[in-house]
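Dumped structure_0.cif below, it's mmCIF, C-alpha atoms:
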data_entry
loop_
_atom_site.group_PDB
_atom_site.id
_atom_site.type_symbol
_atom_site.label_atom_id
_atom_site.label_comp_id
_atom_site.auth_asym_id
_atom_site.auth_seq_id
_atom_site.Cartn_x
_atom_site.Cartn_y
_atom_site.Cartn_z
ATOM 1 C CA MET A 1 -8.710 3.454 -18.613
ATOM 2 C CA LEU A 2 -7.520 -0.161 -18.703
ATOM 3 C CA VAL A 3 -5.913 0.431 -22.096
ATOM 4 C CA VAL A 4 -4.094 3.486 -20.712
ATOM 5 C CA SER A 5 -2.885 1.492 -17.699
ATOM 6 C CA ILE A 6 -1.512 -1.307 -19.847
ATOM 7 C CA GLY A 7 0.079 1.200 -22.218
ATOM 8 C CA LEU A 8 1.852 2.938 -19.329
ATOM 9 C CA SER A 9 3.055 -0.416 -17.999
ATOM 10 C CA VAL A 10 4.552 -1.307 -21.368
ATOM 11 C CA LEU A 11 6.209 2.112 -21.591
ATOM 12 C CA PHE A 12 7.797 1.879 -18.125
ATOM 13 C CA LEU A 13 8.853 -1.719 -18.698
ATOM 14 C CA TRP A 14 10.626 -0.606 -21.869
ATOM 15 C CA LEU A 15 12.296 2.255 -19.972
ATOM 16 C CA ALA A 16 13.510 -0.181 -17.317
ATOM 17 C CA ALA A 17 14.836 -2.760 -19.787
ATOM 18 C CA ARG A 18 16.052 -0.706 -22.742
ATOM 19 C CA GLY A 19 19.745 -0.735 -21.721
ATOM 20 C CA VAL A 20 19.828 -4.249 -20.268
ATOM 21 C CA GLU A 21 22.239 -6.924 -21.441
ATOM 22 C CA LEU A 22 20.348 -10.210 -21.308
ATOM 23 C CA SER A 23 23.473 -12.263 -20.594
ATOM 24 C CA VAL A 24 24.286 -10.178 -17.489
ATOM 25 C CA PHE A 25 20.621 -10.183 -16.464
ATOM 26 C CA TRP A 26 20.412 -14.005 -16.559
ATOM 27 C CA GLU A 27 23.805 -14.415 -14.927
ATOM 28 C CA SER A 28 22.706 -12.246 -12.014
ATOM 29 C CA LEU A 29 19.580 -14.359 -11.579
ATOM 30 C CA GLN A 30 21.613 -17.565 -11.606
ATOM 31 C CA GLU A 31 24.149 -16.293 -9.062
ATOM 32 C CA CYS A 32 21.500 -14.954 -6.678
ATOM 33 C CA ASN A 33 21.639 -16.460 -3.171
ATOM 34 C CA TYR A 34 17.978 -17.398 -2.908
ATOM 35 C CA LEU A 35 18.417 -18.523 0.723
ATOM 36 C CA MET A 36 18.412 -14.832 1.629
ATOM 37 C CA LEU A 37 14.756 -14.781 0.624
ATOM 38 C CA ILE A 38 13.967 -16.699 3.825
ATOM 39 C CA PRO A 39 14.708 -13.788 6.208
ATOM 40 C CA ALA A 40 13.192 -11.481 3.616
ATOM 41 C CA PHE A 41 9.970 -13.516 3.778
ATOM 42 C CA VAL A 42 9.943 -13.428 7.582
ATOM 43 C CA ALA A 43 10.284 -9.634 7.499
ATOM 44 C CA LEU A 44 7.513 -9.447 4.887
ATOM 45 C CA VAL A 45 5.152 -11.449 7.106
ATOM 46 C CA VAL A 46 5.939 -9.259 10.122
ATOM 47 C CA GLY A 47 5.393 -6.119 8.052
ATOM 48 C CA VAL A 48 1.981 -7.287 6.825
ATOM 49 C CA ALA A 49 0.992 -8.298 10.370
ATOM 50 C CA ILE A 50 1.872 -4.821 11.660
ATOM 51 C CA ARG A 51 -0.216 -3.270 8.884
ATOM 52 C CA ALA A 52 -3.208 -5.410 9.861
ATOM 53 C CA VAL A 53 -2.941 -4.268 13.490
ATOM 54 C CA ARG A 54 -2.531 -0.680 12.308
ATOM 55 C CA TRP A 55 -5.711 -0.813 10.203
ATOM 56 C CA GLN A 56 -7.664 -2.255 13.123
ATOM 57 C CA LEU A 57 -6.482 0.528 15.441
ATOM 58 C CA LEU A 58 -7.612 3.219 12.991
ATOM 59 C CA PHE A 59 -11.203 2.264 13.872
ATOM 60 C CA ALA A 60 -12.750 3.844 16.948
ATOM 61 C CA PRO A 61 -12.941 1.404 19.907
ATOM 62 C CA ALA A 62 -16.755 1.332 19.810
ATOM 63 C CA THR A 63 -16.856 -0.090 16.274
ATOM 64 C CA ARG A 64 -13.422 -1.732 16.030
ATOM 65 C CA PRO A 65 -13.667 -5.056 14.131
ATOM 66 C CA PRO A 66 -11.826 -8.204 15.287
ATOM 67 C CA LEU A 67 -8.190 -8.489 14.224
ATOM 68 C CA ALA A 68 -8.831 -11.804 12.450
ATOM 69 C CA ALA A 69 -11.509 -10.233 10.235
ATOM 70 C CA VAL A 70 -9.306 -7.209 9.519
ATOM 71 C CA THR A 71 -6.368 -9.441 8.586
ATOM 72 C CA ARG A 72 -8.463 -11.569 6.228
ATOM 73 C CA ALA A 73 -9.894 -8.470 4.540
ATOM 74 C CA LEU A 74 -6.416 -6.948 4.179
ATOM 75 C CA LEU A 75 -5.022 -10.123 2.597
ATOM 76 C CA VAL A 76 -7.935 -10.366 0.149
ATOM 77 C CA GLY A 77 -7.445 -6.712 -0.725
ATOM 78 C CA GLN A 78 -3.762 -7.299 -1.462
ATOM 79 C CA LEU A 79 -4.727 -10.215 -3.706
ATOM 80 C CA PHE A 80 -7.048 -8.008 -5.756
ATOM 81 C CA ASN A 81 -4.393 -5.292 -5.952
ATOM 82 C CA VAL A 82 -2.115 -7.899 -7.525
ATOM 83 C CA VAL A 83 -4.540 -9.391 -10.059
ATOM 84 C CA LEU A 84 -6.531 -6.260 -10.963
ATOM 85 C CA PRO A 85 -5.425 -2.758 -12.011
ATOM 86 C CA MET A 86 -6.297 0.594 -10.425
ATOM 87 C CA ARG A 87 -5.864 -0.536 -6.778
ATOM 88 C CA ALA A 88 -9.136 -2.473 -6.888
ATOM 89 C CA GLY A 89 -8.125 -4.244 -3.692
ATOM 90 C CA GLU A 90 -8.999 -1.199 -1.595
ATOM 91 C CA ALA A 91 -12.680 -1.624 -2.489
ATOM 92 C CA ALA A 92 -12.447 -5.406 -2.137
ATOM 93 C CA ARG A 93 -11.171 -5.324 1.434
ATOM 94 C CA ILE A 94 -13.901 -2.894 2.467
ATOM 95 C CA VAL A 95 -16.552 -5.265 1.095
ATOM 96 C CA VAL A 96 -14.939 -8.341 2.690
ATOM 97 C CA LEU A 97 -14.732 -6.638 6.090
ATOM 98 C CA TYR A 98 -18.411 -5.680 5.823
ATOM 99 C CA GLN A 99 -19.408 -9.236 4.941
ATOM 100 C CA ASP A 100 -17.189 -10.768 7.613
ATOM 101 C CA ALA A 101 -17.677 -8.424 10.571
ATOM 102 C CA GLY A 102 -20.591 -6.168 9.568
ATOM 103 C CA THR A 103 -18.346 -3.098 9.684
ATOM 104 C CA SER A 104 -19.811 -0.034 7.985
ATOM 105 C CA ARG A 105 -18.417 0.312 4.479
ATOM 106 C CA ALA A 106 -18.422 4.100 4.743
ATOM 107 C CA GLU A 107 -16.506 3.950 8.020
ATOM 108 C CA SER A 108 -14.005 1.498 6.519
ATOM 109 C CA LEU A 109 -13.563 3.841 3.573
ATOM 110 C CA GLY A 110 -12.667 6.620 5.999
ATOM 111 C CA THR A 111 -10.036 4.488 7.719
ATOM 112 C CA VAL A 112 -8.560 3.438 4.379
ATOM 113 C CA ALA A 113 -8.292 7.088 3.306
ATOM 114 C CA VAL A 114 -6.436 7.939 6.530
ATOM 115 C CA GLU A 115 -4.265 4.856 6.093
ATOM 116 C CA ARG A 116 -3.202 5.875 2.599
ATOM 117 C CA LEU A 117 -2.373 9.387 3.785
ATOM 118 C CA TYR A 118 -0.308 8.105 6.703
ATOM 119 C CA ASP A 119 1.403 5.612 4.413
ATOM 120 C CA VAL A 120 2.707 8.293 2.070
ATOM 121 C CA LEU A 121 3.690 10.573 4.951
ATOM 122 C CA GLY A 122 5.456 7.704 6.713
ATOM 123 C CA LEU A 123 7.334 6.701 3.569
ATOM 124 C CA LEU A 124 8.485 10.240 2.905
ATOM 125 C CA LEU A 125 9.504 10.710 6.541
ATOM 126 C CA LEU A 126 11.545 7.513 6.405
ATOM 127 C CA LEU A 127 13.166 8.664 3.186
ATOM 128 C CA LEU A 128 14.083 12.054 4.632
ATOM 129 C CA LEU A 129 15.504 10.491 7.817
ATOM 130 C CA THR A 130 17.756 8.179 5.800
ATOM 131 C CA THR A 131 18.912 10.928 3.418
ATOM 132 C CA PRO A 132 22.323 11.330 5.143
ATOM 133 C CA PHE A 133 23.042 7.669 4.384
ATOM 134 C CA LEU A 134 21.957 7.808 0.739
ATOM 135 C CA PRO A 135 23.829 8.879 -2.379
ATOM 136 C CA GLU A 136 22.789 12.100 -4.075
ATOM 137 C CA VAL A 137 19.227 11.713 -5.305
ATOM 138 C CA THR A 138 17.977 14.579 -7.427
ATOM 139 C CA TRP A 139 14.295 14.209 -6.514
ATOM 140 C CA LEU A 140 14.688 14.248 -2.714
ATOM 141 C CA GLN A 141 13.858 17.969 -2.563
ATOM 142 C CA ARG A 142 10.622 17.304 -4.433
ATOM 143 C CA ALA A 143 9.849 14.526 -1.958
ATOM 144 C CA ALA A 144 10.334 16.992 0.903
ATOM 145 C CA VAL A 145 7.969 19.455 -0.778
ATOM 146 C CA LEU A 146 5.403 16.690 -1.294
ATOM 147 C CA ALA A 147 5.657 15.724 2.367
ATOM 148 C CA ALA A 148 5.097 19.348 3.415
ATOM 149 C CA VAL A 149 2.078 19.697 1.112
ATOM 150 C CA LEU A 150 0.524 16.445 2.346
ATOM 151 C CA LEU A 151 1.108 17.440 5.956
ATOM 152 C CA ALA A 152 -0.595 20.782 5.339
ATOM 153 C CA LEU A 153 -3.544 19.079 3.625
ATOM 154 C CA ALA A 154 -3.842 16.571 6.465
ATOM 155 C CA ALA A 155 -3.866 19.408 9.007
ATOM 156 C CA MET A 156 -6.558 21.255 7.048
ATOM 157 C CA ALA A 157 -8.675 18.106 6.763
ATOM 158 C CA ALA A 158 -8.321 17.472 10.494
ATOM 159 C CA VAL A 159 -9.454 21.016 11.309
ATOM 160 C CA VAL A 160 -12.455 20.763 8.967
ATOM 161 C CA VAL A 161 -13.542 17.374 10.333
ATOM 162 C CA ARG A 162 -13.107 18.452 13.948
ATOM 163 C CA ARG A 163 -14.947 21.744 13.502
ATOM 164 C CA TYR A 164 -17.704 20.901 11.035
ATOM 165 C CA GLY A 165 -18.118 17.148 11.444
ATOM 166 C CA ALA A 166 -20.118 15.503 8.676
ATOM 167 C CA ARG A 167 -21.709 18.695 7.293
ATOM 168 C CA PRO A 168 -19.216 19.236 4.412
ATOM 169 C CA VAL A 169 -19.561 15.593 3.365
ATOM 170 C CA ARG A 170 -23.342 15.827 3.435
ATOM 171 C CA VAL A 171 -23.184 18.820 1.103
ATOM 172 C CA VAL A 172 -20.961 16.910 -1.315
ATOM 173 C CA LEU A 173 -23.231 13.837 -1.260
ATOM 174 C CA ARG A 174 -26.526 15.732 -1.474
ATOM 175 C CA PRO A 175 -26.820 15.569 -5.321
ATOM 176 C CA LEU A 176 -26.820 11.762 -5.076
ATOM 177 C CA ALA A 177 -30.288 11.942 -3.503
ATOM 178 C CA ARG A 178 -31.666 12.312 -7.041
ATOM 179 C CA LEU A 179 -30.690 8.726 -7.795
ATOM 180 C CA PRO A 180 -33.358 5.982 -7.559
ATOM 181 C CA ARG A 181 -33.706 4.362 -4.118
ATOM 182 C CA VAL A 182 -31.287 6.839 -2.540
ATOM 183 C CA THR A 183 -32.779 8.922 0.257
ATOM 184 C CA GLY A 184 -31.460 11.924 2.090
ATOM 185 C CA ALA A 185 -31.459 9.951 5.345
ATOM 186 C CA HIS A 186 -29.373 7.238 3.721
ATOM 187 C CA LEU A 187 -26.812 9.763 2.512
ATOM 188 C CA GLU A 188 -26.654 11.428 5.929
ATOM 189 C CA GLY A 189 -25.908 8.053 7.478
ATOM 190 C CA ILE A 190 -23.125 7.440 4.970
ATOM 191 C CA ALA A 191 -21.644 10.880 5.672
ATOM 192 C CA ASP A 192 -21.748 10.294 9.421
ATOM 193 C CA ARG A 193 -20.049 6.888 9.175
ATOM 194 C CA LEU A 194 -17.441 8.174 6.715
ATOM 195 C CA VAL A 195 -16.453 11.041 9.011
ATOM 196 C CA TYR A 196 -16.450 8.648 11.969
ATOM 197 C CA GLY A 197 -13.939 6.547 10.051
ATOM 198 C CA LEU A 198 -11.783 9.639 9.570
ATOM 199 C CA GLY A 199 -11.410 9.940 13.342
ATOM 200 C CA ALA A 200 -7.679 9.149 13.201
ATOM 201 C CA LEU A 201 -7.185 12.479 11.454
ATOM 202 C CA HIS A 202 -7.995 14.488 14.566
ATOM 203 C CA ARG A 203 -8.107 12.096 17.517
ATOM 204 C CA PRO A 204 -4.574 11.677 18.947
ATOM 205 C CA ARG A 205 -5.426 8.322 20.546
ATOM 206 C CA LEU A 206 -6.192 6.937 17.096
ATOM 207 C CA ALA A 207 -3.706 8.981 15.082
ATOM 208 C CA ALA A 208 -0.566 8.236 17.119
ATOM 209 C CA PRO A 209 -0.662 4.416 16.954
ATOM 210 C CA GLY A 210 -1.950 4.533 13.383
ATOM 211 C CA PHE A 211 0.928 6.668 12.140
ATOM 212 C CA LEU A 212 3.667 5.076 14.259
ATOM 213 C CA LEU A 213 2.669 1.526 13.343
ATOM 214 C CA GLY A 214 2.613 2.579 9.703
ATOM 215 C CA VAL A 215 6.199 3.815 9.988
ATOM 216 C CA ALA A 216 7.158 0.590 11.815
ATOM 217 C CA SER A 217 5.682 -1.490 8.991
ATOM 218 C CA TRP A 218 7.707 0.472 6.413
ATOM 219 C CA LEU A 219 10.884 -0.069 8.451
ATOM 220 C CA VAL A 220 10.300 -3.824 8.472
ATOM 221 C CA LEU A 221 9.315 -3.960 4.800
ATOM 222 C CA ALA A 222 12.444 -1.972 3.909
ATOM 223 C CA LEU A 223 14.405 -4.617 5.812
ATOM 224 C CA SER A 224 12.737 -7.264 3.656
ATOM 225 C CA CYS A 225 13.789 -5.379 0.515
ATOM 226 C CA TRP A 226 17.328 -5.083 1.867
ATOM 227 C CA PHE A 227 17.546 -8.851 2.374
ATOM 228 C CA VAL A 228 16.534 -9.346 -1.264
ATOM 229 C CA LEU A 229 19.280 -6.946 -2.364
ATOM 230 C CA MET A 230 21.775 -8.816 -0.172
ATOM 231 C CA ALA A 231 20.900 -11.972 -2.100
ATOM 232 C CA PHE A 232 22.566 -10.352 -5.118
ATOM 233 C CA ASP A 233 25.719 -9.508 -3.114
ATOM 234 C CA LEU A 234 25.380 -5.805 -3.960
ATOM 235 C CA GLU A 235 27.012 -4.719 -0.670
ATOM 236 C CA LEU A 236 24.518 -1.921 -0.150
ATOM 237 C CA GLY A 237 23.371 -0.576 3.206
ATOM 238 C CA TYR A 238 19.900 -0.532 4.710
ATOM 239 C CA GLY A 239 19.333 2.820 3.010
ATOM 240 C CA ALA A 240 19.145 1.007 -0.320
ATOM 241 C CA GLY A 241 16.260 -1.056 1.035
ATOM 242 C CA VAL A 242 14.511 2.142 2.082
ATOM 243 C CA LEU A 243 15.059 3.871 -1.249
ATOM 244 C CA ILE A 244 13.889 0.943 -3.382
ATOM 245 C CA LEU A 245 10.835 0.512 -1.124
ATOM 246 C CA VAL A 246 9.961 4.202 -1.526
ATOM 247 C CA THR A 247 10.416 4.331 -5.298
ATOM 248 C CA THR A 248 8.584 1.072 -6.048
ATOM 249 C CA THR A 249 5.715 1.887 -3.683
ATOM 250 C CA LEU A 250 5.218 5.428 -4.946
ATOM 251 C CA SER A 251 5.493 4.205 -8.539
ATOM 252 C CA LEU A 252 2.312 2.177 -7.996
ATOM 253 C CA VAL A 253 0.386 5.465 -7.894
ATOM 254 C CA ILE A 254 0.808 5.496 -11.674
ATOM 255 C CA PRO A 255 -2.043 3.640 -13.458
ATOM 256 C CA SER A 256 -0.569 0.329 -14.543
ATOM 257 C CA ALA A 257 -1.271 -3.292 -15.380
ATOM 258 C CA PRO A 258 -2.139 -5.768 -12.605
ATOM 259 C CA GLY A 259 0.620 -6.113 -10.034
ATOM 260 C CA GLY A 260 2.216 -2.839 -11.077
ATOM 261 C CA LEU A 261 4.088 -4.587 -13.884
ATOM 262 C CA GLY A 262 6.485 -2.177 -15.562
ATOM 263 C CA VAL A 263 6.194 0.746 -13.167
ATOM 264 C CA PHE A 264 7.588 -1.368 -10.303
ATOM 265 C CA GLU A 265 10.588 -2.392 -12.409
ATOM 266 C CA ALA A 266 11.211 1.191 -13.492
ATOM 267 C CA GLY A 267 11.088 2.370 -9.881
ATOM 268 C CA GLY A 268 13.492 -0.329 -8.718
ATOM 269 C CA VAL A 269 16.023 0.352 -11.465
ATOM 270 C CA LEU A 270 15.802 4.093 -10.740
ATOM 271 C CA ALA A 271 16.529 3.504 -7.034
ATOM 272 C CA LEU A 272 19.487 1.178 -7.609
ATOM 273 C CA SER A 273 20.966 3.419 -10.292
ATOM 274 C CA ALA A 274 21.521 6.025 -7.551
ATOM 275 C CA PHE A 275 23.935 3.552 -5.943
ATOM 276 C CA GLY A 276 25.754 2.933 -9.213
ATOM 277 C CA VAL A 277 24.373 -0.573 -9.672
ATOM 278 C CA TYR A 278 24.740 -1.829 -13.234
ATOM 279 C CA GLU A 279 21.395 -1.580 -15.016
ATOM 280 C CA SER A 280 21.212 -5.276 -15.953
ATOM 281 C CA THR A 281 21.904 -6.358 -12.368
ATOM 282 C CA ALA A 282 19.493 -3.740 -11.037
ATOM 283 C CA LEU A 283 16.703 -5.088 -13.220
ATOM 284 C CA SER A 284 17.343 -8.699 -12.178
ATOM 285 C CA ALA A 285 17.234 -7.705 -8.492
ATOM 286 C CA THR A 286 14.058 -5.697 -9.040
ATOM 287 C CA VAL A 287 12.363 -8.568 -10.912
ATOM 288 C CA VAL A 288 13.123 -10.946 -8.033
ATOM 289 C CA LEU A 289 11.892 -8.374 -5.506
ATOM 290 C CA HIS A 290 8.697 -7.866 -7.506
ATOM 291 C CA ALA A 291 8.034 -11.592 -7.798
ATOM 292 C CA PHE A 292 8.845 -12.025 -4.114
ATOM 293 C CA THR A 293 6.288 -9.396 -3.102
ATOM 294 C CA VAL A 294 3.591 -10.509 -5.560
ATOM 295 C CA PHE A 295 3.402 -14.307 -5.477
ATOM 296 C CA PRO A 296 3.346 -14.903 -1.690
ATOM 297 C CA VAL A 297 0.761 -12.141 -1.289
ATOM 298 C CA ALA A 298 -1.366 -13.608 -4.094
ATOM 299 C CA LEU A 299 -1.161 -17.115 -2.634
ATOM 300 C CA VAL A 300 -2.047 -16.119 0.935
ATOM 301 C CA GLY A 301 -4.728 -13.742 -0.340
ATOM 302 C CA ALA A 302 -6.282 -16.526 -2.419
ATOM 303 C CA ILE A 303 -6.373 -18.770 0.655
ATOM 304 C CA ALA A 304 -8.003 -15.982 2.676
ATOM 305 C CA LEU A 305 -10.552 -15.367 -0.105
ATOM 306 C CA HIS A 306 -11.407 -19.068 -0.279
ATOM 307 C CA GLY A 307 -11.903 -19.200 3.492
ATOM 308 C CA HIS A 308 -14.080 -16.093 3.333
ATOM 309 C CA ALA A 309 -16.226 -17.622 0.581
ATOM 310 C CA VAL A 310 -16.640 -20.831 2.602
ATOM 311 C CA ARG A 311 -17.765 -18.866 5.675
ATOM 312 C CA LEU A 312 -20.258 -16.860 3.631
ATOM 313 C CA ARG A 313 -21.694 -20.001 2.089
ATOM 314 C CA SER A 314 -22.000 -21.687 5.499
ATOM 315 C CA ALA A 315 -23.713 -18.615 6.973
ATOM 316 C CA ARG A 316 -26.246 -18.541 4.128
ATOM 317 C CA GLN A 317 -26.994 -22.235 4.481
ATOM 318 C CA ALA A 318 -27.438 -21.845 8.232
ATOM 319 C CA SER A 319 -29.907 -19.014 7.731
#
File written out as structure tokens:
Amino acid sequence: MLVVSIGLSVLFLWLAARGVELSVFWESLQECNYLMLIPAFVALVVGVAIRAVRWQLLFAPATRPPLAAVTRALLVGQLFNVVLPMRAGEAARIVVLYQDAGTSRAESLGTVAVERLYDVLGLLLLLLLTTPFLPEVTWLQRAAVLAAVLLALAAMAAVVVRRYGARPVRVVLRPLARLPRVTGAHLEGIADRLVYGLGALHRPRLAAPGFLLGVASWLVLALSCWFVLMAFDLELGYGAGVLILVTTTLSLVIPSAPGGLGVFEAGGVLALSAFGVYESTALSATVVLHAFTVFPVALVGAIALHGHAVRLRSARQAS
């Protein structure tokens, strides 16, 4: 699978760079107003902070972990998403939150599943709302269809969870009881905690803040992208920030090398081409945006991981 991911990254990187003139590419990088990255960074920090609060609020009040632990786990997860392929950070943050706050891994998995669903729905909603301010984009109708399908699936999942509780999950997990050291009681506990973590699917008090804060985070992160585009004096509106955020984020669904190398660049060039931006300039802006979103996240995530390791070591020595 790793070979396939790297191969796809190389393919998309070639697609993004095949028509680029290196002289124009380098000239655009040299003329970039890098001071605009300061407000872009502030918006990025605010967006990540909102996402941390959103993840915390997806947990039921009775088992809700502290915000500090949730934030650390989220930052470590983003680090692993950058340095490893296949969105490995999602598993990493679940483990870190368990080690830091004792939160059930199955319950955390449920909240992460809801989070991912709300993320895609929020992105597509934002895209559809900004459509009147965007140039003609041929795949917007497909995005609308995808949003409708996801909404229907979310509604079906909510009905199933609300009506049947953990029973469907128990049926799915039952064959795992044949594995060594895995008991039926253990699997029932996992099913119960997983469904408990899916509470934001059918509990309005959890769903409303979870979805709305997700949309708010996308609005702020789109603002961050827009500031990066302004650094290249492209004279594009906020809608360009939304479109490049949508295309680069959704492109990361494609299996790729660590950090989404290649697919991110292809998504950014695709978004800016809709505004008539010259391909060489579009690639330079996308490369800066990619670096801007990767390196700060990796640095802060590494600091959070180091702090987590220190706390674990201290706890073991104390015990």
Selected residue of minimal separation from Val294 of chain A among A:Val82, A:Val95, A:Val277, A:Ala185, counting all atoms listed in the file
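Nearest to Val294 of chain A: A:Val82.
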For segment 33-126 of chain A against segment 186-207 of chain A, with a cut-off of 8 Å and counting all atoms listed in the file, what is the closest atom pair and its distance in Å to one decimal for every residue that makes the cut, ordered by chain and number, as a tab-separated table?
residue	atom	partner	partner_atom	distance
A:Leu57	CA	A:Leu206	CA	6.6
A:Leu58	CA	A:Leu206	CA	5.7
A:Phe59	CA	A:Gly197	CA	6.4
A:Ala60	CA	A:Gly199	CA	7.2
A:Ser104	CA	A:Arg193	CA	7.0
A:Ala106	CA	A:Leu194	CA	4.6
A:Glu107	CA	A:Gly197	CA	4.2
A:Ser108	CA	A:Gly197	CA	6.2
A:Leu109	CA	A:Leu194	CA	6.6
A:Gly110	CA	A:Gly197	CA	4.2
A:Thr111	CA	A:Gly197	CA	5.0
A:Ala113	CA	A:Leu198	CA	7.6
A:Val114	CA	A:Leu198	CA	6.4
Dump of C-alpha atoms for the selected residues, as a PDB file, in the coordinates of the input:
ATOM      1  CA  LEU A  57      -6.482   0.528  15.441  1.00  0.00           C
ATOM      2  CA  LEU A  58      -7.612   3.219  12.991  1.00  0.00           C
ATOM      3  CA  PHE A  59     -11.203   2.264  13.872  1.00  0.00           C
ATOM      4  CA  ALA A  60     -12.750   3.844  16.948  1.00  0.00           C
ATOM      5  CA  SER A 104     -19.811  -0.034   7.985  1.00  0.00           C
ATOM      6  CA  ALA A 106     -18.422   4.100   4.743  1.00  0.00           C
ATOM      7  CA  GLU A 107     -16.506   3.950   8.020  1.00  0.00           C
ATOM      8  CA  SER A 108     -14.005   1.498   6.519  1.00  0.00           C
ATOM      9  CA  LEU A 109     -13.563   3.841   3.573  1.00  0.00           C
ATOM     10  CA  GLY A 110     -12.667   6.620   5.999  1.00  0.00           C
ATOM     11  CA  THR A 111     -10.036   4.488   7.719  1.00  0.00           C
ATOM     12  CA  ALA A 113      -8.292   7.088   3.306  1.00  0.00           C
ATOM     13  CA  VAL A 114      -6.436   7.939   6.530  1.00  0.00           C
TER      14      VAL A 114
END
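Comparing the minimum interatomic distances between Val48 of chain A and each of A:Thr63, A:Thr71, A:Ser9, A:Gln30, counting all atoms listed in the file, we find that A:Thr71 sits nearest.
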Residues matched by the PyMOL selection byres ((chain A and resi 36-44) around 10) as a ChimeraX atom specification
/A:32-35,45-50,217,219-232,288-289,292-293,296-297
Let's have the selection written as a PDB file, keeping the file's coordinate frame, with C-alpha atoms.
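Output saved as out38.pdb:
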ATOM      1  CA  CYS A  32      21.500 -14.954  -6.678  1.00  0.00           C
ATOM      2  CA  ASN A  33      21.639 -16.460  -3.171  1.00  0.00           C
ATOM      3  CA  TYR A  34      17.978 -17.398  -2.908  1.00  0.00           C
ATOM      4  CA  LEU A  35      18.417 -18.523   0.723  1.00  0.00           C
ATOM      5  CA  VAL A  45       5.152 -11.449   7.106  1.00  0.00           C
ATOM      6  CA  VAL A  46       5.939  -9.259  10.122  1.00  0.00           C
ATOM      7  CA  GLY A  47       5.393  -6.119   8.052  1.00  0.00           C
ATOM      8  CA  VAL A  48       1.981  -7.287   6.825  1.00  0.00           C
ATOM      9  CA  ALA A  49       0.992  -8.298  10.370  1.00  0.00           C
ATOM     10  CA  ILE A  50       1.872  -4.821  11.660  1.00  0.00           C
ATOM     11  CA  SER A 217       5.682  -1.490   8.991  1.00  0.00           C
ATOM     12  CA  LEU A 219      10.884  -0.069   8.451  1.00  0.00           C
ATOM     13  CA  VAL A 220      10.300  -3.824   8.472  1.00  0.00           C
ATOM     14  CA  LEU A 221       9.315  -3.960   4.800  1.00  0.00           C
ATOM     15  CA  ALA A 222      12.444  -1.972   3.909  1.00  0.00           C
ATOM     16  CA  LEU A 223      14.405  -4.617   5.812  1.00  0.00           C
ATOM     17  CA  SER A 224      12.737  -7.264   3.656  1.00  0.00           C
ATOM     18  CA  CYS A 225      13.789  -5.379   0.515  1.00  0.00           C
ATOM     19  CA  TRP A 226      17.328  -5.083   1.867  1.00  0.00           C
ATOM     20  CA  PHE A 227      17.546  -8.851   2.374  1.00  0.00           C
ATOM     21  CA  VAL A 228      16.534  -9.346  -1.264  1.00  0.00           C
ATOM     22  CA  LEU A 229      19.280  -6.946  -2.364  1.00  0.00           C
ATOM     23  CA  MET A 230      21.775  -8.816  -0.172  1.00  0.00           C
ATOM     24  CA  ALA A 231      20.900 -11.972  -2.100  1.00  0.00           C
ATOM     25  CA  PHE A 232      22.566 -10.352  -5.118  1.00  0.00           C
ATOM     26  CA  VAL A 288      13.123 -10.946  -8.033  1.00  0.00           C
ATOM     27  CA  LEU A 289      11.892  -8.374  -5.506  1.00  0.00           C
ATOM     28  CA  PHE A 292       8.845 -12.025  -4.114  1.00  0.00           C
ATOM     29  CA  THR A 293       6.288  -9.396  -3.102  1.00  0.00           C
ATOM     30  CA  PRO A 296       3.346 -14.903  -1.690  1.00  0.00           C
ATOM     31  CA  VAL A 297       0.761 -12.141  -1.289  1.00  0.00           C
TER      32      VAL A 297
END
I need the output of the PyMOL selection byres ((chain A and resi 261) around 9) for this file as a PyMOL selection string; which residues are they?
chain A and resi 6+9-10+12-13+256-260+262-265+290
State, in Å with one decimal place, the distance from atom CA of Ala155 of chain A to atom CA of Leu213 of chain A.
19.5 Å
Please report, as a tab-separated table, each residue of segment 242-273 of chain A lying at most 10 Å from segment 117-128 of chain A, together with the nearest pair of atoms and the separation in Å rounded to one decimal; use all atoms listed in the file, and order rows by chain and ascending residue number.
residue	atom	partner	partner_atom	distance
A:Val242	CA	A:Leu127	CA	6.8
A:Leu243	CA	A:Leu127	CA	6.8
A:Leu245	CA	A:Leu123	CA	8.5
A:Val246	CA	A:Leu123	CA	6.3
A:Thr247	CA	A:Leu123	CA	9.7
A:Thr249	CA	A:Leu123	CA	8.9
A:Leu250	CA	A:Val120	CA	8.0
Taking C-alpha atoms for each residue, export the selection above as a CSV table (one decimal), keeping the file's coordinate frame.
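And here is the file that came out, again.csv:
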chain,number,residue,atom,x,y,z
A,242,VAL,CA,14.5,2.1,2.1
A,243,LEU,CA,15.1,3.9,-1.2
A,245,LEU,CA,10.8,0.5,-1.1
A,246,VAL,CA,10.0,4.2,-1.5
A,247,THR,CA,10.4,4.3,-5.3
A,249,THR,CA,5.7,1.9,-3.7
A,250,LEU,CA,5.2,5.4,-4.9
Applied to this file, what does the PyMOL selection byres ((chain A and resi 16-26) around 7) return in terms of residues, put as a compact mmCIF listing (two decimals) with C-alpha atoms, in the frame of the given file?
# COMPACT_ATOMS: atom_id res chain seq x y z
CA PHE A 12 7.80 1.88 -18.12
CA LEU A 13 8.85 -1.72 -18.70
CA TRP A 14 10.63 -0.61 -21.87
CA LEU A 15 12.30 2.26 -19.97
CA GLU A 27 23.80 -14.42 -14.93
CA SER A 28 22.71 -12.25 -12.01
CA LEU A 29 19.58 -14.36 -11.58
CA GLN A 30 21.61 -17.57 -11.61
CA GLU A 265 10.59 -2.39 -12.41
CA ALA A 266 11.21 1.19 -13.49
CA VAL A 269 16.02 0.35 -11.46
CA GLU A 279 21.40 -1.58 -15.02
CA SER A 280 21.21 -5.28 -15.95
CA THR A 281 21.90 -6.36 -12.37
CA SER A 284 17.34 -8.70 -12.18
